[in-house]
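File shown here: upload-v2.csv, holding CSV, C-alpha atoms and all ligand atoms.
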```csv
chain,number,residue,atom,x,y,z
A,1,MET,CA,-17.7,3.2,9.2
A,2,THR,CA,-19.1,1.0,6.5
A,3,ASP,CA,-17.9,1.2,2.9
A,4,ARG,CA,-14.9,3.1,3.8
A,5,LYS,CA,-11.4,2.1,2.8
A,6,VAL,CA,-7.9,3.0,3.5
A,7,ILE,CA,-5.3,2.0,0.9
A,8,PHE,CA,-1.7,1.8,2.1
A,9,ILE,CA,1.1,2.3,-0.4
A,10,GLY,CA,4.5,0.7,0.3
A,11,GLY,CA,7.7,1.2,-1.7
A,12,SER,CA,11.2,2.4,-1.3
A,13,SER,CA,12.1,6.1,-1.8
A,14,TYR,CA,11.8,7.3,-5.4
A,15,SER,CA,9.5,4.4,-6.3
A,16,GLY,CA,6.6,6.5,-7.5
A,17,SER,CA,4.5,6.1,-4.4
A,18,THR,CA,3.5,9.8,-4.2
A,19,MET,CA,2.4,9.8,-7.8
A,20,LEU,CA,0.4,6.6,-7.4
A,21,ASP,CA,-1.2,8.0,-4.2
A,22,MET,CA,-2.4,11.1,-6.1
A,23,MET,CA,-3.6,9.0,-9.1
A,24,LEU,CA,-5.7,6.7,-7.0
A,25,ALA,CA,-7.2,9.6,-5.0
A,26,ASN,CA,-8.0,11.5,-8.2
A,27,SER,CA,-11.8,11.3,-7.8
A,28,ASP,CA,-14.4,13.0,-5.7
A,29,GLN,CA,-14.5,10.1,-3.3
A,30,GLY,CA,-10.8,9.8,-2.9
A,31,PHE,CA,-8.4,11.5,-0.5
A,32,SER,CA,-4.6,11.6,-0.9
A,33,ALA,CA,-2.9,11.7,2.6
A,34,GLY,CA,0.6,11.4,1.3
A,35,GLU,CA,3.3,10.5,3.9
A,36,VAL,CA,1.0,11.3,6.8
A,37,HIS,CA,3.0,9.3,9.3
A,38,ALA,CA,5.4,12.2,9.6
A,39,LEU,CA,2.7,14.5,10.9
A,40,PHE,CA,2.6,12.4,14.1
A,41,ARG,CA,6.1,11.0,14.0
A,42,PRO,CA,8.3,13.7,12.5
A,43,PHE,CA,12.0,13.0,12.0
A,44,ARG,CA,13.1,15.6,9.4
A,45,PRO,CA,13.1,19.4,9.6
A,46,HIS,CA,10.2,19.9,7.1
A,47,HIS,CA,8.0,17.5,9.0
A,48,PHE,CA,7.9,19.9,11.9
A,49,LYS,CA,6.4,22.6,9.7
A,50,PRO,CA,3.8,20.7,7.6
A,51,VAL,CA,2.8,22.5,4.4
A,52,CYS,CA,-0.5,21.2,2.9
A,53,GLY,CA,-0.3,19.9,-0.7
A,54,CYS,CA,-3.2,22.2,-1.7
A,55,GLY,CA,-0.8,25.2,-1.3
A,56,GLU,CA,-3.3,27.3,0.7
A,57,THR,CA,-1.6,28.8,3.7
A,58,SER,CA,-5.1,29.1,5.3
A,59,CYS,CA,-5.8,25.4,4.9
A,60,GLN,CA,-6.3,24.0,8.4
A,61,LEU,CA,-7.1,20.4,7.5
A,62,TRP,CA,-3.9,18.9,8.9
A,63,ASP,CA,-4.0,21.1,12.0
A,64,LYS,CA,-7.4,19.5,12.8
A,65,VAL,CA,-6.2,16.0,12.0
A,66,LYS,CA,-3.1,16.5,14.2
A,67,GLU,CA,-5.2,17.9,17.0
A,68,ASN,CA,-7.4,14.8,17.1
A,69,GLY,CA,-4.4,12.5,17.3
A,70,GLU,CA,-2.9,9.5,15.5
A,71,ILE,CA,-5.5,7.1,16.8
A,72,PHE,CA,-8.3,9.0,15.1
A,73,LEU,CA,-6.3,10.0,12.0
A,74,TYR,CA,-8.5,8.4,9.3
A,75,GLU,CA,-11.7,8.9,11.2
A,76,THR,CA,-11.0,12.6,11.4
A,77,ILE,CA,-10.5,12.9,7.7
A,78,PHE,CA,-13.6,10.9,6.9
A,79,ASN,CA,-15.6,13.1,9.3
A,80,LEU,CA,-14.2,16.4,8.0
A,81,LEU,CA,-14.8,15.4,4.3
A,82,PRO,CA,-18.1,13.5,4.2
A,83,ASN,CA,-17.7,12.9,0.4
A,84,VAL,CA,-14.6,10.9,0.9
A,85,SER,CA,-15.0,7.1,1.0
A,86,TYR,CA,-11.4,6.1,0.6
A,87,ILE,CA,-8.1,7.4,1.8
A,88,VAL,CA,-4.7,6.7,0.3
A,89,ASP,CA,-1.8,6.7,2.7
A,90,SER,CA,1.7,6.6,1.1
A,91,SER,CA,3.7,6.7,4.4
A,92,LYS,CA,5.4,3.5,3.1
A,93,ASP,CA,6.9,2.5,6.5
A,94,PRO,CA,5.9,-1.1,7.0
A,95,TRP,CA,5.6,-0.8,10.8
A,96,TRP,CA,3.3,2.2,10.4
A,97,ILE,CA,1.2,0.3,8.0
A,98,LEU,CA,0.9,-2.7,10.4
A,99,CYS,CA,0.1,-0.5,13.3
A,100,GLN,CA,-2.6,1.5,11.4
A,101,ALA,CA,-4.1,-1.6,9.7
A,102,ARG,CA,-4.6,-3.2,13.1
A,103,ARG,CA,-6.5,-0.2,14.4
A,104,LEU,CA,-8.6,0.1,11.3
A,105,PHE,CA,-9.4,-3.6,11.3
A,106,GLN,CA,-10.8,-3.1,14.9
A,107,GLN,CA,-12.9,-0.2,13.6
A,108,GLY,CA,-14.3,-2.3,10.7
A,109,VAL,CA,-12.6,-0.2,8.0
A,110,GLU,CA,-11.6,-2.1,4.9
A,111,ILE,CA,-7.8,-1.9,4.1
A,112,HIS,CA,-5.7,-2.7,1.1
A,113,ASN,CA,-2.0,-2.9,0.7
A,114,LEU,CA,-0.2,-1.9,-2.5
A,115,LEU,CA,3.5,-2.2,-3.0
A,116,ILE,CA,5.1,-0.1,-5.7
A,117,TRP,CA,8.5,-1.1,-6.9
A,118,LYS,CA,11.1,-0.1,-9.5
A,119,GLU,CA,13.4,-2.6,-11.3
A,120,PRO,CA,16.8,-2.4,-9.5
A,121,GLY,CA,18.4,-0.6,-12.5
A,122,ALA,CA,15.7,2.0,-12.6
A,123,PHE,CA,16.0,2.6,-8.9
A,124,ALA,CA,19.8,2.8,-9.1
A,125,HIS,CA,19.3,5.4,-11.9
A,126,SER,CA,16.9,7.5,-9.7
A,127,MET,CA,19.3,7.4,-6.8
A,128,LEU,CA,22.5,8.0,-8.7
A,129,LYS,CA,21.2,11.0,-10.6
A,130,ARG,CA,20.4,12.6,-7.2
A,131,LYS,CA,23.9,11.7,-6.0
A,132,ARG,CA,22.5,9.4,-3.3
A,133,LYS,CA,24.7,6.6,-2.1
A,134,GLY,CA,23.8,3.1,-1.0
A,135,TRP,CA,21.0,2.4,-3.5
A,136,MET,CA,21.4,-1.3,-3.4
A,137,LYS,CA,21.2,-1.6,0.4
A,138,ALA,CA,18.2,0.8,0.5
A,139,TRP,CA,16.3,-1.2,-2.1
A,140,ARG,CA,17.1,-4.6,-0.7
A,141,ASN,CA,16.4,-3.6,2.9
A,142,TYR,CA,13.1,-1.9,2.2
A,143,TYR,CA,11.6,-4.8,0.2
A,144,SER,CA,13.1,-7.5,2.4
A,145,VAL,CA,11.5,-5.9,5.5
A,146,TYR,CA,8.1,-5.3,3.7
A,147,LEU,CA,8.0,-8.9,2.5
A,148,SER,CA,8.9,-10.2,5.9
A,149,LEU,CA,6.0,-8.3,7.6
A,150,ILE,CA,3.2,-8.1,5.1
A,151,ASP,CA,1.9,-11.0,3.0
A,152,ASP,CA,-1.3,-9.7,1.6
A,153,TYR,CA,-0.5,-7.0,-0.9
A,154,ILE,CA,-0.9,-6.1,-4.6
A,155,PRO,CA,2.4,-5.5,-6.3
A,156,VAL,CA,2.5,-2.4,-8.5
A,157,SER,CA,5.3,-2.3,-11.1
A,158,TYR,CA,6.4,1.3,-11.6
A,159,SER,CA,7.4,0.6,-15.3
A,160,GLY,CA,4.0,-1.0,-15.9
A,161,LEU,CA,2.2,2.0,-14.4
A,162,VAL,CA,4.1,4.7,-16.4
A,163,GLN,CA,4.0,2.8,-19.7
A,164,ASP,CA,0.2,2.7,-19.8
A,165,PRO,CA,-1.2,4.5,-16.8
A,166,GLU,CA,-4.8,4.4,-18.0
A,167,ARG,CA,-5.0,0.6,-18.5
A,168,PHE,CA,-2.9,0.0,-15.4
A,169,LEU,CA,-5.1,2.1,-13.1
A,170,LYS,CA,-8.3,0.7,-14.5
A,171,GLU,CA,-7.2,-2.8,-13.6
A,172,LEU,CA,-6.0,-1.7,-10.2
A,173,CYS,CA,-9.2,0.2,-9.4
A,174,ASP,CA,-11.3,-2.8,-10.5
A,175,ARG,CA,-9.3,-5.0,-8.2
A,176,LEU,CA,-9.8,-2.6,-5.3
A,177,LYS,CA,-13.5,-2.2,-6.2
A,178,MET,CA,-12.9,1.5,-6.5
A,179,PRO,CA,-14.3,4.1,-8.9
A,180,PHE,CA,-12.3,4.7,-12.1
A,181,ASN,CA,-12.3,7.4,-14.7
A,182,ASN,CA,-10.3,7.6,-17.9
A,183,ASN,CA,-8.4,10.7,-16.8
A,184,GLN,CA,-7.5,9.4,-13.4
A,185,HIS,CA,-3.8,9.3,-14.2
A,186,ASN,CA,-3.8,13.1,-14.7
A,187,PHE,CA,-3.6,13.5,-10.9
A,188,TRP,CA,-3.0,17.3,-11.2
A,189,ASP,CA,-6.6,17.8,-12.3
A,190,LYS,CA,-7.6,17.7,-8.6
A,191,ARG,CA,-6.6,19.9,-5.7
A,192,HIS,CA,-5.0,17.4,-3.3
A,193,HIS,CA,-4.1,18.0,0.3
A,194,THR,CA,-1.2,15.5,0.0
A,195,LEU,CA,1.2,15.8,2.9
A,196,PHE,CA,5.0,15.6,2.3
A,197,GLY,CA,6.1,13.0,-0.3
A,198,ASN,CA,8.1,13.3,-3.4
A,199,ARG,CA,8.6,16.8,-4.6
A,200,SER,CA,9.1,16.1,-8.3
A,201,ALA,CA,5.7,14.4,-8.3
A,202,LYS,CA,4.0,17.2,-6.3
A,203,ILE,CA,5.5,19.9,-8.6
A,204,HIS,CA,2.7,18.8,-11.1
A,205,LEU,CA,0.1,20.1,-8.7
A,206,GLN,CA,1.2,23.6,-9.4
A,207,GLN,CA,-0.6,25.5,-12.2
A,208,LYS,CA,2.7,26.5,-13.7
A,209,TYR,CA,6.1,24.9,-13.6
A,210,ASP,CA,7.9,26.4,-10.7
A,211,SER,CA,10.6,24.5,-9.1
A,212,GLY,CA,10.4,26.6,-5.9
A,213,GLU,CA,13.4,28.0,-4.1
A,214,HIS,CA,14.0,24.8,-2.0
A,215,MET,CA,14.0,22.4,-4.9
A,216,LEU,CA,17.3,20.9,-5.8
A,217,MET,CA,18.1,20.7,-9.5
A,218,SER,CA,18.9,17.0,-9.2
A,219,GLU,CA,15.3,16.4,-8.0
A,220,ILE,CA,13.8,17.8,-11.2
A,221,PRO,CA,13.6,15.2,-14.0
A,222,SER,CA,15.4,17.2,-16.7
A,223,THR,CA,13.4,15.7,-19.6
A,224,ALA,CA,10.0,15.9,-17.8
A,225,LYS,CA,7.3,18.0,-19.2
A,226,HIS,CA,5.1,19.7,-16.7
A,227,ARG,CA,1.9,17.8,-16.1
A,228,SER,CA,2.8,14.7,-18.0
A,229,ILE,CA,3.8,11.3,-16.8
A,230,TYR,CA,7.5,11.1,-16.7
A,231,ARG,CA,8.8,8.0,-18.4
A,232,ASP,CA,12.5,7.3,-18.9
A,233,VAL,CA,13.0,4.1,-21.0
A,234,GLU,CA,16.6,4.9,-21.7
A,235,TYR,CA,18.0,4.7,-18.2
A,236,THR,CA,19.9,1.5,-18.6
A,237,LYS,CA,22.1,3.2,-21.2
A,238,SER,CA,23.4,5.6,-18.6
A,239,LEU,CA,24.0,3.1,-15.8
A,240,PRO,CA,27.7,2.6,-15.0
A,241,GLU,CA,29.1,-0.8,-15.9
A,242,HIS,CA,29.8,-1.8,-12.3
A,243,VAL,CA,26.2,-1.1,-11.4
A,244,LYS,CA,25.0,-3.3,-14.2
A,245,SER,CA,27.2,-6.2,-13.1
A,246,GLN,CA,26.2,-5.7,-9.5
A,247,ILE,CA,22.6,-6.1,-10.5
A,248,ALA,CA,23.3,-9.1,-12.7
A,249,SER,CA,25.2,-11.0,-10.0
A,250,ASP,CA,23.2,-10.2,-6.8
A,251,LEU,CA,21.1,-13.3,-6.0
A,252,GLU,CA,19.2,-11.6,-3.1
A,253,MET,CA,18.0,-8.9,-5.4
A,254,LYS,CA,17.0,-11.4,-8.1
A,255,ASN,CA,15.0,-13.3,-5.5
A,256,LEU,CA,13.3,-10.1,-4.4
A,257,VAL,CA,12.4,-9.2,-8.0
A,258,THR,CA,10.8,-12.6,-8.5
A,259,ALA,CA,8.8,-12.3,-5.3
A,260,LEU,CA,7.7,-8.7,-6.2
A,261,ARG,CA,6.6,-9.8,-9.7
A,262,ASN,CA,4.4,-12.5,-8.2
A,263,GLY,CA,3.2,-10.7,-5.1
A,264,GLY,CA,5.2,-13.3,-3.0
A,265,SER,CA,6.0,-12.9,0.7
A,266,PHE,CA,8.8,-14.1,2.9
A,267,LEU,CA,6.3,-15.0,5.6
A,268,ASN,CA,5.2,-18.0,3.6
A,269,GLY,CA,8.6,-19.2,2.5
A,270,GLY,CA,12.0,-19.9,4.0
A,271,GLN,CA,13.4,-16.5,3.4
A,272,PHE,CA,12.2,-14.9,6.7
A,273,ASN,CA,15.1,-13.7,8.7
A,274,ARG,CA,14.1,-12.9,12.3
A,275,PHE,CA,17.4,-11.3,13.2
A,276,PHE,CA,17.4,-9.0,10.2
A,277,VAL,CA,13.8,-7.9,10.9
A,278,LYS,CA,14.6,-7.2,14.5
A,279,LYS,CA,17.6,-5.2,13.6
A,280,GLU,CA,15.7,-3.1,11.0
A,281,LYS,CA,12.9,-2.5,13.5
A,282,ALA,CA,15.4,-1.2,16.0
A,283,LYS,CA,16.9,1.1,13.4
A,284,ASN,CA,13.4,2.3,12.5
A,285,GLN,CA,12.6,3.1,16.2
A,286,ILE,CA,15.9,4.9,16.6
A,287,LYS,CA,15.1,7.0,13.5
A,288,TYR,CA,11.8,8.2,15.0
A,289,ALA,CA,13.3,8.6,18.5
A,290,LEU,CA,16.3,10.6,17.4
A,291,GLY,CA,14.4,12.4,14.7
A,292,SER,CA,11.8,13.7,17.2
A,293,ILE,CA,14.6,15.3,19.2
A,294,ILE,CA,17.2,16.6,16.7
A,295,GLY,CA,15.3,16.1,13.4
A,296,LYS,CA,13.8,19.6,13.8
A,297,HIS,CA,17.2,21.1,13.2
A,298,TRP,CA,19.2,18.6,11.1
A,299,ARG,CA,18.3,16.1,8.4
A,300,ILE,CA,20.0,13.0,9.6
A,301,PHE,CA,17.7,10.4,8.1
B,1,ZN,ZN,-5.0,21.7,2.1
```

Just dump the structure as C-alpha cells.
Amino acid sequence: MTDRKVIFIGGSSYSGSTMLDMMLANSDQGFSAGEVHALFRPFRPHHFKPVCGCGETSCQLWDKVKENGEIFLYETIFNLLPNVSYIVDSSKDPWWILCQARRLFQQGVEIHNLLIWKEPGAFAHSMLKRKRKGWMKAWRNYYSVYLSLIDDYIPVSYSGLVQDPERFLKELCDRLKMPFNNNQHNFWDKRHHTLFGNRSAKIHLQQKYDSGEHMLMSEIPSTAKHRSIYRDVEYTKSLPEHVKSQIASDLEMKNLVTALRNGGSFLNGGQFNRFFVKKEKAKNQIKYALGSIIGKHWRIF
C-alpha cells in the first residue's frame, strides 16, 4: 500500500471537523470517511442505522466496509475505490486515532494528524446557540486529552480556515503533499460518502436547501447561505458577560490556546496529567460499552 495516506482529523464537537474532512477529500483521489468509528463502535441511535452521505439508499459501500471489519477498514475503502489515494477520517476520538494509526503504521500506510479548533468564545457561541450545556468542560477536556496523547499534529484554526479557505487549504495541502485545486473549499461539488458527522455541514451536500425532518432548528445556522462557507465574525457581541469573563480568567484554557496556536503537546512538557488521562479513557470506554447496549434506543452521550 504505497503512496496511500490516511488523514485523521481531531477536534471537539462543532469545531468544523466534518467541513474540513469534506474539503480535504474534495478531489478525485480523496475520500471522506466522516465519523467512521461509529460504524464499528456505535453509541447513538443513528449509528445503528448508518445512512451514507451520498444519499443513495442503494449505496452499499459502508455495508461492505463493515462486513470486512474494523481491522481492514481503510484497506477495504482503498480496494473498493482504486482511484482513491488518501482517506480523511474525522472520527475525532483520540483513542480511535491512536489505535488506527498503530495499525496503519504496521501496514506501511502514511498517516497525518490534523487538529481543528475554535477559539473558546466561538466554541461557547456554537454550543450556547444549540442550548448545549458544559461548553467549557467539553472544550478543555477534549483538547487536554488530545494534547496528552498525540504530539505530532498540524493545528488547524477554524477561524483561519473560514476567513480565507482557498489560501488556507492550499497551505495545508502543500504541507500534506496532497493535490490541491482552487475550488477545493466548495466541498459540495463532489458526491461524498461521508458517514455521520455534523449535519449543518452535510446539509450543503444536498442540491437544494432542505433541512430534513430530523433537523433541529438550532442546528441550522440562521444566516448561512446554502453552499457557502458560513462565517460568523460577530459572535463575540452575543456572548453573555459571564461567559466572556470565564474565558478571560481561565488559565487552563489560555494555556491550551497557546499550545494549539503553536502545535504544542502536553507529552513534551510538564502539563501531562496521568490521572486525568486515565479517568477520561475510562469514561470513553464506558461510553462505547454502554452505548453498544442501550445507545440503540436512547441518546445518552
Ligand atoms: Zn454512498

TODO: Write out as JSON, numbers by chain which residues come within 12 Å of A:Arg132 when counting all atoms listed in the file, dropping same-chain ones fewer than 5 positions away.
DONE: {"A": [13, 14, 123, 124, 125, 126, 127, 137, 138, 218, 219]}

Open item on the list: What's around A:Ala201 at 7 Å? Count all atoms listed in the file, leave out sequence neighbours fewer than 2 positions away in its own chain, and write the answer as a list of chain:residue names.
Closed with: A:Thr18, A:Met19, A:Asn198, A:Arg199, A:Ile203, A:His204

Task: At most 7 Å from ligand ZN 1 (chain B) (only C-alpha atoms and all ligand atoms): residue list as a VMD selection string - done: chain A and resid 52 to 56 59 to 61 192 to 193

Task: Minimum-distance residue to A:Lys49, chosen among A:Phe72, A:Phe196, A:Lys64, A:Lys281 (using only C-alpha atoms) - done: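 The shortest atom-to-atom distance to A:Lys49 comes from A:Phe196.
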
Per residue of stretch 135-168 of chain A within 10 Å of stretch 92-102 of chain A, which atom pair is closest and at what distance in Å (one decimal), using all atoms listed in the file, listed by chain and increasing number, as a Markdown table?
```
| residue | atom | partner | partner_atom | distance |
| --- | --- | --- | --- | --- |
| A:Tyr142 | CA | A:Pro94 | CA | 8.7 |
| A:Tyr143 | CA | A:Pro94 | CA | 9.6 |
| A:Val145 | CA | A:Pro94 | CA | 7.5 |
| A:Tyr146 | CA | A:Pro94 | CA | 5.8 |
| A:Leu147 | CA | A:Pro94 | CA | 9.2 |
| A:Ser148 | CA | A:Pro94 | CA | 9.6 |
| A:Leu149 | CA | A:Pro94 | CA | 7.2 |
| A:Ile150 | CA | A:Pro94 | CA | 7.7 |
```

Task: Atom-to-atom span, atom CA of A:Phe105 and atom CA of A:Val6, Å - done: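 These atoms are spaced 10.3 Å apart.
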
Could N, CA and C atoms be built for stretch 160-178 of chain A and written out as a compact mmCIF listing (two decimals), in the coordinates of the input?
```txt
# COMPACT_ATOMS: atom_id res chain seq x y z
N GLY A 160 5.28 -0.64 -15.38
CA GLY A 160 4.00 -1.00 -15.90
C GLY A 160 3.02 0.22 -15.81
N LEU A 161 3.09 0.90 -14.68
CA LEU A 161 2.20 2.00 -14.40
C LEU A 161 2.50 3.19 -15.39
N VAL A 162 3.77 3.53 -15.57
CA VAL A 162 4.10 4.70 -16.40
C VAL A 162 3.98 4.40 -17.92
N GLN A 163 4.10 3.11 -18.28
CA GLN A 163 4.00 2.80 -19.70
C GLN A 163 2.57 2.92 -20.22
N ASP A 164 1.60 2.53 -19.41
CA ASP A 164 0.20 2.70 -19.80
C ASP A 164 -0.65 2.95 -18.59
N PRO A 165 -0.56 4.21 -18.11
CA PRO A 165 -1.20 4.50 -16.80
C PRO A 165 -2.72 4.27 -16.83
N GLU A 166 -3.38 4.54 -17.96
CA GLU A 166 -4.80 4.40 -18.00
C GLU A 166 -5.27 2.96 -17.79
N ARG A 167 -4.67 2.06 -18.56
CA ARG A 167 -5.00 0.60 -18.50
C ARG A 167 -4.65 0.08 -17.10
N PHE A 168 -3.45 0.46 -16.66
CA PHE A 168 -2.90 0.00 -15.40
C PHE A 168 -3.85 0.36 -14.23
N LEU A 169 -4.23 1.65 -14.22
CA LEU A 169 -5.10 2.10 -13.10
C LEU A 169 -6.46 1.52 -13.16
N LYS A 170 -6.96 1.28 -14.36
CA LYS A 170 -8.30 0.70 -14.50
C LYS A 170 -8.28 -0.71 -13.83
N GLU A 171 -7.25 -1.49 -14.16
CA GLU A 171 -7.20 -2.80 -13.60
C GLU A 171 -7.03 -2.79 -12.07
N LEU A 172 -6.24 -1.82 -11.61
CA LEU A 172 -6.00 -1.70 -10.20
C LEU A 172 -7.30 -1.28 -9.44
N CYS A 173 -8.00 -0.31 -10.02
CA CYS A 173 -9.20 0.20 -9.40
C CYS A 173 -10.31 -0.93 -9.41
N ASP A 174 -10.36 -1.72 -10.49
CA ASP A 174 -11.30 -2.80 -10.50
C ASP A 174 -11.01 -3.82 -9.41
N ARG A 175 -9.73 -4.08 -9.24
CA ARG A 175 -9.30 -5.00 -8.20
C ARG A 175 -9.65 -4.54 -6.81
N LEU A 176 -9.52 -3.23 -6.63
CA LEU A 176 -9.80 -2.60 -5.30
C LEU A 176 -11.26 -2.25 -5.15
N LYS A 177 -12.06 -2.53 -6.20
CA LYS A 177 -13.50 -2.20 -6.20
C LYS A 177 -13.66 -0.67 -5.92
N MET A 178 -12.88 0.09 -6.70
CA MET A 178 -12.90 1.50 -6.50
C MET A 178 -13.34 2.21 -7.81
```
